[in-house]
$ cat my_file.cif   # mmCIF, C-alpha atoms and all ligand atoms
data_entry
loop_
_atom_site.label_atom_id
_atom_site.label_comp_id
_atom_site.auth_asym_id
_atom_site.auth_seq_id
_atom_site.Cartn_x
_atom_site.Cartn_y
_atom_site.Cartn_z
CA MET A 156 21.25 29.17 -17.13
CA SER A 157 17.77 27.65 -17.15
CA VAL A 158 14.39 28.99 -16.13
CA ASN A 159 11.58 27.13 -14.38
CA SER A 160 8.43 28.05 -12.50
CA THR A 161 10.33 28.99 -9.33
CA GLY A 162 13.05 31.11 -10.90
CA VAL A 163 16.33 30.86 -12.72
CA SER A 164 18.97 28.19 -12.17
CA ILE A 165 22.64 29.11 -12.68
CA THR A 166 25.37 26.46 -12.52
CA VAL A 167 28.80 27.71 -11.47
CA LEU A 168 31.53 25.33 -12.65
CA LEU A 169 34.03 24.21 -10.03
CA PRO A 170 37.00 22.34 -11.54
CA SER A 171 38.01 19.48 -9.20
CA GLY A 172 35.16 20.48 -6.90
CA ARG A 173 37.21 23.33 -5.48
CA LEU A 174 35.20 26.38 -4.42
CA PRO A 175 37.27 29.60 -4.41
CA LEU A 176 36.63 31.54 -1.22
CA ASP A 177 35.75 34.79 -3.00
CA ILE A 178 33.13 33.01 -5.13
CA MET A 179 31.80 31.25 -2.03
CA LYS A 180 31.48 34.57 -0.20
CA ALA A 181 29.90 36.38 -3.16
CA SER A 182 27.45 33.50 -3.70
CA HIS A 183 26.46 33.68 -0.04
CA ASP A 184 26.04 37.46 -0.17
CA LEU A 185 24.00 37.29 -3.39
CA ALA A 186 21.83 34.46 -2.05
CA THR A 187 21.13 36.51 1.07
CA LYS A 188 20.35 39.62 -0.96
CA TYR A 189 18.09 37.98 -3.55
CA GLY A 190 16.71 35.12 -1.45
CA PHE A 191 17.82 32.15 -3.53
CA SER A 192 19.31 28.78 -2.51
CA ILE A 193 22.58 27.05 -3.30
CA TYR A 194 22.69 23.38 -4.27
CA CYS A 195 25.97 21.42 -4.27
CA SER A 196 25.51 19.24 -7.36
CA LEU A 197 26.55 15.62 -7.81
CA LEU A 198 28.91 16.81 -10.53
CA GLN A 199 30.87 18.89 -8.00
CA ASN A 200 29.55 22.25 -9.17
CA ILE A 201 27.25 24.62 -7.32
CA ARG A 202 23.85 25.46 -8.69
CA LEU A 203 22.16 28.68 -7.66
CA ILE A 204 18.47 27.83 -7.63
CA ASN A 205 15.32 29.93 -7.49
CA VAL A 206 17.23 33.05 -8.51
CA PRO A 207 14.64 35.76 -9.27
CA GLU A 208 14.54 36.22 -13.04
CA GLY A 209 15.17 39.96 -12.76
CA ALA A 210 18.37 39.40 -10.74
CA ALA A 211 19.92 36.60 -12.80
CA GLU A 212 22.09 38.73 -15.08
CA GLN A 213 23.39 40.77 -12.15
CA VAL A 214 24.22 37.59 -10.21
CA LYS A 215 26.12 36.17 -13.19
CA SER A 216 27.92 39.42 -13.79
CA ASP A 217 29.03 39.74 -10.14
CA LEU A 218 30.34 36.16 -10.09
CA ALA A 219 31.94 36.42 -13.53
CA SER A 220 33.93 39.43 -12.31
CA LEU A 221 35.54 37.03 -9.79
CA GLY A 222 36.43 34.55 -12.52
CA ALA A 223 33.41 32.25 -12.22
CA LYS A 224 32.55 30.19 -15.29
CA PHE A 225 29.07 28.90 -16.00
CA LYS A 226 27.70 25.72 -17.49
CA ALA A 227 26.85 26.08 -21.17
CA PRO A 228 26.32 23.72 -24.14
CA GLY A 229 29.41 22.46 -25.95
CA GLN A 230 31.83 22.69 -23.04
CA PHE A 231 34.36 19.95 -22.39
CA PRO A 232 33.04 18.08 -19.31
CA LEU A 233 34.77 18.77 -16.01
CA PRO A 234 36.05 15.46 -14.63
CA ARG A 235 34.33 14.27 -11.47
CA ILE A 236 37.17 13.43 -9.11
CA CYS A 237 37.64 12.10 -5.61
CA ILE A 238 39.71 14.02 -3.09
CA GLY A 239 42.72 11.74 -3.66
CA LYS A 240 46.24 12.15 -2.31
CA PRO A 241 47.16 13.63 0.17
CA HIS A 242 43.68 14.19 1.62
CA CYS A 243 42.50 10.56 1.60
CA SER A 244 44.65 7.94 3.32
CA PHE A 245 44.02 5.50 0.43
CA GLY A 246 44.94 8.06 -2.20
CA LEU A 247 47.78 7.08 -4.54
CA VAL A 248 47.78 10.15 -6.79
CA ASP A 249 46.93 13.84 -6.76
CA THR A 250 43.60 13.71 -8.59
CA GLU A 251 43.31 17.48 -8.84
CA LYS A 252 46.61 17.65 -10.71
CA LEU A 253 45.55 15.00 -13.22
CA SER A 254 42.18 16.68 -13.69
CA ASN A 255 43.88 20.00 -14.40
CA GLU A 256 46.24 18.36 -16.89
CA LEU A 257 43.26 16.86 -18.67
CA LEU A 258 41.48 20.20 -18.80
CA ASP A 259 44.66 21.88 -20.07
CA ARG A 260 44.92 19.28 -22.84
CA PHE A 261 41.40 20.11 -24.06
CA ASP A 262 41.51 23.83 -23.33
CA GLY A 263 40.56 25.80 -26.42
CA ARG A 264 39.00 22.81 -28.11
CA GLY A 265 35.94 23.84 -30.09
CA LYS A 266 32.49 22.60 -29.27
CA THR A 267 32.51 19.22 -27.52
CA LYS A 268 29.61 16.99 -28.44
CA ALA A 269 27.43 15.62 -25.66
CA LYS A 270 27.16 13.42 -23.77
CA PHE A 271 29.96 11.80 -21.87
CA ARG A 272 31.31 12.08 -18.36
CA ILE A 273 34.82 11.56 -17.07
CA SER A 274 35.77 10.45 -13.59
CA ILE A 275 39.11 10.14 -11.82
CA ALA A 276 39.66 7.98 -8.75
CA GLY A 277 42.76 8.19 -6.58
CA CYS A 278 42.72 4.44 -5.87
CA THR A 279 40.91 1.25 -6.85
CA VAL A 280 38.07 1.86 -4.40
CA GLY A 281 36.66 4.10 -7.14
CA CYS A 282 34.58 6.48 -5.02
CA PRO A 283 33.57 8.90 -7.82
CA TRP A 284 31.40 6.17 -9.47
CA THR A 285 34.39 5.30 -11.53
CA LYS A 286 33.17 2.22 -13.34
CA ASN A 287 29.81 3.83 -14.09
CA SER A 288 31.20 6.78 -16.03
CA ASP A 289 31.72 7.05 -19.78
CA ILE A 290 35.48 7.47 -19.35
CA SER A 291 37.01 6.41 -16.05
CA ILE A 292 40.57 6.76 -14.84
CA MET A 293 41.53 4.80 -11.76
CA ALA A 294 44.90 4.93 -10.03
CA SER A 295 46.49 1.73 -8.78
CA ARG A 296 49.90 0.83 -7.34
CA VAL A 297 51.12 -0.18 -10.79
CA GLY A 298 49.79 2.75 -12.82
CA TYR A 299 46.41 3.82 -14.11
CA SER A 300 43.55 1.74 -15.47
CA VAL A 301 41.18 3.29 -17.99
CA TYR A 302 37.58 2.14 -18.37
CA VAL A 303 35.11 3.15 -21.06
CA GLY A 304 31.40 2.80 -21.58
CA GLY A 305 30.05 2.88 -18.04
CA LYS A 306 26.86 4.71 -17.25
CA GLY A 307 24.42 5.34 -14.45
CA GLY A 308 20.77 6.21 -14.84
CA MET A 309 17.83 3.82 -15.13
CA VAL A 310 19.90 1.11 -16.80
CA PRO A 311 23.35 1.36 -15.23
CA ARG A 312 26.31 -0.56 -16.58
CA SER A 313 30.00 -0.91 -15.84
CA GLY A 314 32.58 0.20 -18.33
CA ILE A 315 35.13 -2.14 -19.90
CA ARG A 316 38.82 -1.79 -19.07
CA ILE A 317 40.81 -0.77 -22.14
CA LYS A 318 44.18 -0.10 -20.52
CA LYS A 319 46.04 -1.06 -17.37
CA LYS A 320 49.38 -0.01 -15.89
CA ALA A 321 49.23 3.23 -17.88
CA THR A 322 51.39 6.28 -17.27
CA GLU A 323 49.83 9.70 -16.87
CA GLN A 324 50.91 10.65 -20.39
CA GLU A 325 49.32 7.49 -21.80
CA VAL A 326 46.10 8.30 -19.97
CA LEU A 327 45.96 11.76 -21.52
CA ASP A 328 46.60 10.32 -24.98
CA ILE A 329 43.90 7.65 -24.53
CA VAL A 330 41.33 10.24 -23.48
CA GLN A 331 42.27 12.32 -26.52
CA THR A 332 41.73 9.31 -28.80
CA LEU A 333 38.37 8.55 -27.17
CA VAL A 334 37.12 12.12 -27.39
CA ASP A 335 38.20 12.39 -31.03
CA PHE A 336 36.47 9.09 -31.83
CA HIS A 337 33.32 10.25 -30.05
CA ASP A 338 33.37 13.47 -32.06
CA LEU A 339 33.85 11.57 -35.32
CA LYS A 340 31.02 9.12 -34.68
CA THR A 341 28.48 11.38 -33.01
CA LYS A 342 25.93 13.58 -34.71
CA SER A 343 24.84 15.63 -31.73
CA LYS A 344 24.79 13.48 -28.62
CA GLN A 345 25.81 9.95 -27.68
CA ARG A 346 27.05 7.95 -24.69
CA MET A 347 30.34 6.05 -24.89
CA SER A 348 28.48 2.82 -24.07
CA LYS A 349 27.16 2.79 -27.64
CA LEU A 350 30.54 3.49 -29.19
CA ILE A 351 32.36 0.56 -27.61
CA LYS A 352 30.29 -1.71 -29.90
CA ASP A 353 31.38 0.19 -33.01
CA PRO A 354 33.62 -1.98 -35.27
CA ASP A 355 36.07 0.92 -35.55
CA PHE A 356 36.35 1.46 -31.79
CA PRO A 357 40.10 1.97 -31.31
CA PHE A 358 40.57 -0.13 -28.14
CA SER A 359 39.94 -3.69 -26.98
CA GLU A 360 39.07 -4.92 -23.52
CA VAL A 361 42.11 -5.90 -21.45
S1 LIG B 401 38.74 6.54 -4.61
FE1 LIG B 401 40.33 5.96 -3.15
S2 LIG B 401 41.59 7.82 -2.94
FE2 LIG B 401 39.65 8.43 -3.81
S3 LIG B 401 38.40 9.04 -2.03
FE3 LIG B 401 37.93 6.90 -2.54
S4 LIG B 401 39.24 5.73 -1.18
FE4 LIG B 401 40.09 7.81 -1.28
#

$ encode --input "my_file.cif" --output "structure tokens"
Amino acid sequence: MSVNSTGVSITVLLPSGRLPLDIMKASHDLATKYGFSIYCSLLQNIRLINVPEGAAEQVKSDLASLGAKFKAPGQFPLPRICIGKPHCSFGLVDTEKLSNELLDRFDGRGKTKAKFRISIAGCTVGCPWTKNSDISIMASRVGYSVYVGGKGGMVPRSGIRIKKKATEQEVLDIVQTLVDFHDLKTKSKQRMSKLIKDPDFPFSEV
């Protein structure tokens, strides 16, 4: 939750970009009641913007009672995923399933240090900015490729490929190794693009 001159901003997390109907309805009802707006963020969450300061706790409480979770420091980042199989004709894998498996793997992990993003693409087209994410997983006909060190922003760069033809289990293990390495080498916040130059970085470009 953040406050600015026009009101409070509350980000409701939506794993895999899925918006439960009860949260959608409650958000609509609350927005109508309190006169705020709803922004669909580039990270596949919804942000309630211009929420009157006096109503913010009530809005959060109403949505939390439906199971909504809110953005807060130290959370493991929700992967940004494309719609994947079977909803896209190019899709080779069920991206939602892989995203959920990743979140299950890191569920209960203590504070995750900032700042890295994960993306999952259902094919090599790479719609969810796959090569410009810190950790990118891209499905192909012969397994998954994993890229590390991409970033967007003012100085964008593509990640390097550290694995190809990987199984789903190998992908999960690689992400675990990367997140552990990031935790080990990061004081408070760091992008993966810096870590790939570290002499101890556990992968090579392939
Ligand atoms: S990355 Fe591939 S599967 Fe995913 S939306 Fe784009 S074209 Fe479809």

$ closest_residue --input "my_file.cif" --among "A:Ser300, A:Ser313, A:Thr250, A:Thr341" --to "ligand LIG 401 (chain B)" --atoms "all atoms listed in the file"
A:Thr250

$ residues_around --input "my_file.cif" --residues "A:Ser288" --least-positions-apart "3" --cutoff "7 Å" --atoms "all atoms listed in the file" --output "PyMOL selection string"
chain A and resi 272-274+284-285+291+304-306

$ closest_atom_pairs --input "my_file.cif" --of "chain A" --to "ligand LIG 401 (chain B)" --cutoff "12 Å" --atoms "all atoms listed in the file" --output "tab-separated table"
residue	atom	partner	partner_atom	distance
A:Arg235	CA	B:LIG401	FE2	11.0
A:Ile236	CA	B:LIG401	FE2	7.7
A:Cys237	CA	B:LIG401	FE2	4.6
A:Ile238	CA	B:LIG401	S3	5.3
A:Gly239	CA	B:LIG401	S2	4.1
A:Lys240	CA	B:LIG401	S2	6.4
A:Pro241	CA	B:LIG401	S2	8.6
A:His242	CA	B:LIG401	FE4	7.9
A:Cys243	CA	B:LIG401	FE4	4.7
A:Ser244	CA	B:LIG401	FE4	6.5
A:Phe245	CA	B:LIG401	S2	4.8
A:Gly246	CA	B:LIG401	S2	3.4
A:Leu247	CA	B:LIG401	S2	6.4
A:Val248	CA	B:LIG401	S2	7.7
A:Asp249	CA	B:LIG401	S2	8.9
A:Thr250	CA	B:LIG401	FE2	8.1
A:Glu251	CA	B:LIG401	FE2	11.0
A:Ser274	CA	B:LIG401	S1	10.2
A:Ile275	CA	B:LIG401	S1	8.1
A:Ala276	CA	B:LIG401	S1	4.5
A:Gly277	CA	B:LIG401	S2	3.8
A:Cys278	CA	B:LIG401	FE1	3.9
A:Thr279	CA	B:LIG401	FE1	6.0
A:Val280	CA	B:LIG401	S1	4.7
A:Gly281	CA	B:LIG401	S1	4.1
A:Cys282	CA	B:LIG401	S1	4.2
A:Pro283	CA	B:LIG401	S1	6.5
A:Trp284	CA	B:LIG401	S1	8.8
A:Thr285	CA	B:LIG401	S1	8.3
A:Lys286	CA	B:LIG401	S1	11.2
A:Ser291	CA	B:LIG401	S1	11.6
A:Ile292	CA	B:LIG401	S1	10.4
A:Met293	CA	B:LIG401	S1	7.9
A:Ala294	CA	B:LIG401	FE1	8.3
A:Ser295	CA	B:LIG401	FE1	9.4
A:Arg296	CA	B:LIG401	FE1	11.6

$ closest_residue --input "my_file.cif" --among "A:Gly209, A:Pro234, A:Pro311, A:Gly222" --to "A:Pro170" --atoms "only C-alpha atoms"
A:Pro234

$ atom_distance --input "my_file.cif" --atom1 "atom CA of A:Leu197" --atom2 "atom CA of A:Val310"
18.3 Å

$ residues_near_point --input "my_file.cif" --point "(16.8, 28.8, -13.6)" --cutoff "10 Å" --atoms "all atoms listed in the file" --output "list of chain:residue names"
A:Met156, A:Ser157, A:Val158, A:Asn159, A:Ser160, A:Thr161, A:Gly162, A:Val163, A:Ser164, A:Ile165, A:Thr166, A:Arg202, A:Leu203, A:Ile204, A:Asn205, A:Val206, A:Pro207, A:Glu208, A:Ala211

$ residues_around --input "my_file.cif" --residues "stretch 343-349 of chain A" --least-positions-apart "6" --cutoff "8 Å" --atoms "only C-alpha atoms" --output "list in words"
Lys268, Ala269, Lys270, Phe271, Asp289, Ile290, Val303, Gly304, Gly305, Lys306, Gly314 and His337 of chain A

$ atom_distance --input "my_file.cif" --atom1 "atom CA of A:Tyr194" --atom2 "atom CA of A:Leu257"
25.9 Å

$ atom_distance --input "my_file.cif" --atom1 "atom CA of A:Ala219" --atom2 "atom CA of A:Thr267"
22.2 Å

$ closest_residue --input "my_file.cif" --among "A:Lys318, A:Glu325, A:Val297, A:Ser171" --to "A:Leu258" --atoms "only C-alpha atoms"
A:Ser171

$ closest_residue --input "my_file.cif" --among "A:Asp177, A:Ile315, A:Lys224, A:Ala321" --to "A:Phe358" --atoms "all atoms listed in the file"
A:Ile315

$ closest_residue --input "my_file.cif" --among "A:Asn255, A:Gly229, A:Phe336, A:Val361" --to "A:Arg316" --atoms "only C-alpha atoms"
A:Val361

$ closest_residue --input "my_file.cif" --among "A:Gln213, A:Ser254, A:Leu169, A:Thr322" --to "A:Phe225" --atoms "all atoms listed in the file"
A:Leu169

$ residues_around --input "my_file.cif" --residues "A:Arg264" --least-positions-apart "5" --cutoff "12 Å" --atoms "all atoms listed in the file" --output "JSON, numbers by chain"
{"A": [229, 230, 231, 232, 257, 258, 259, 331, 334, 335, 338]}
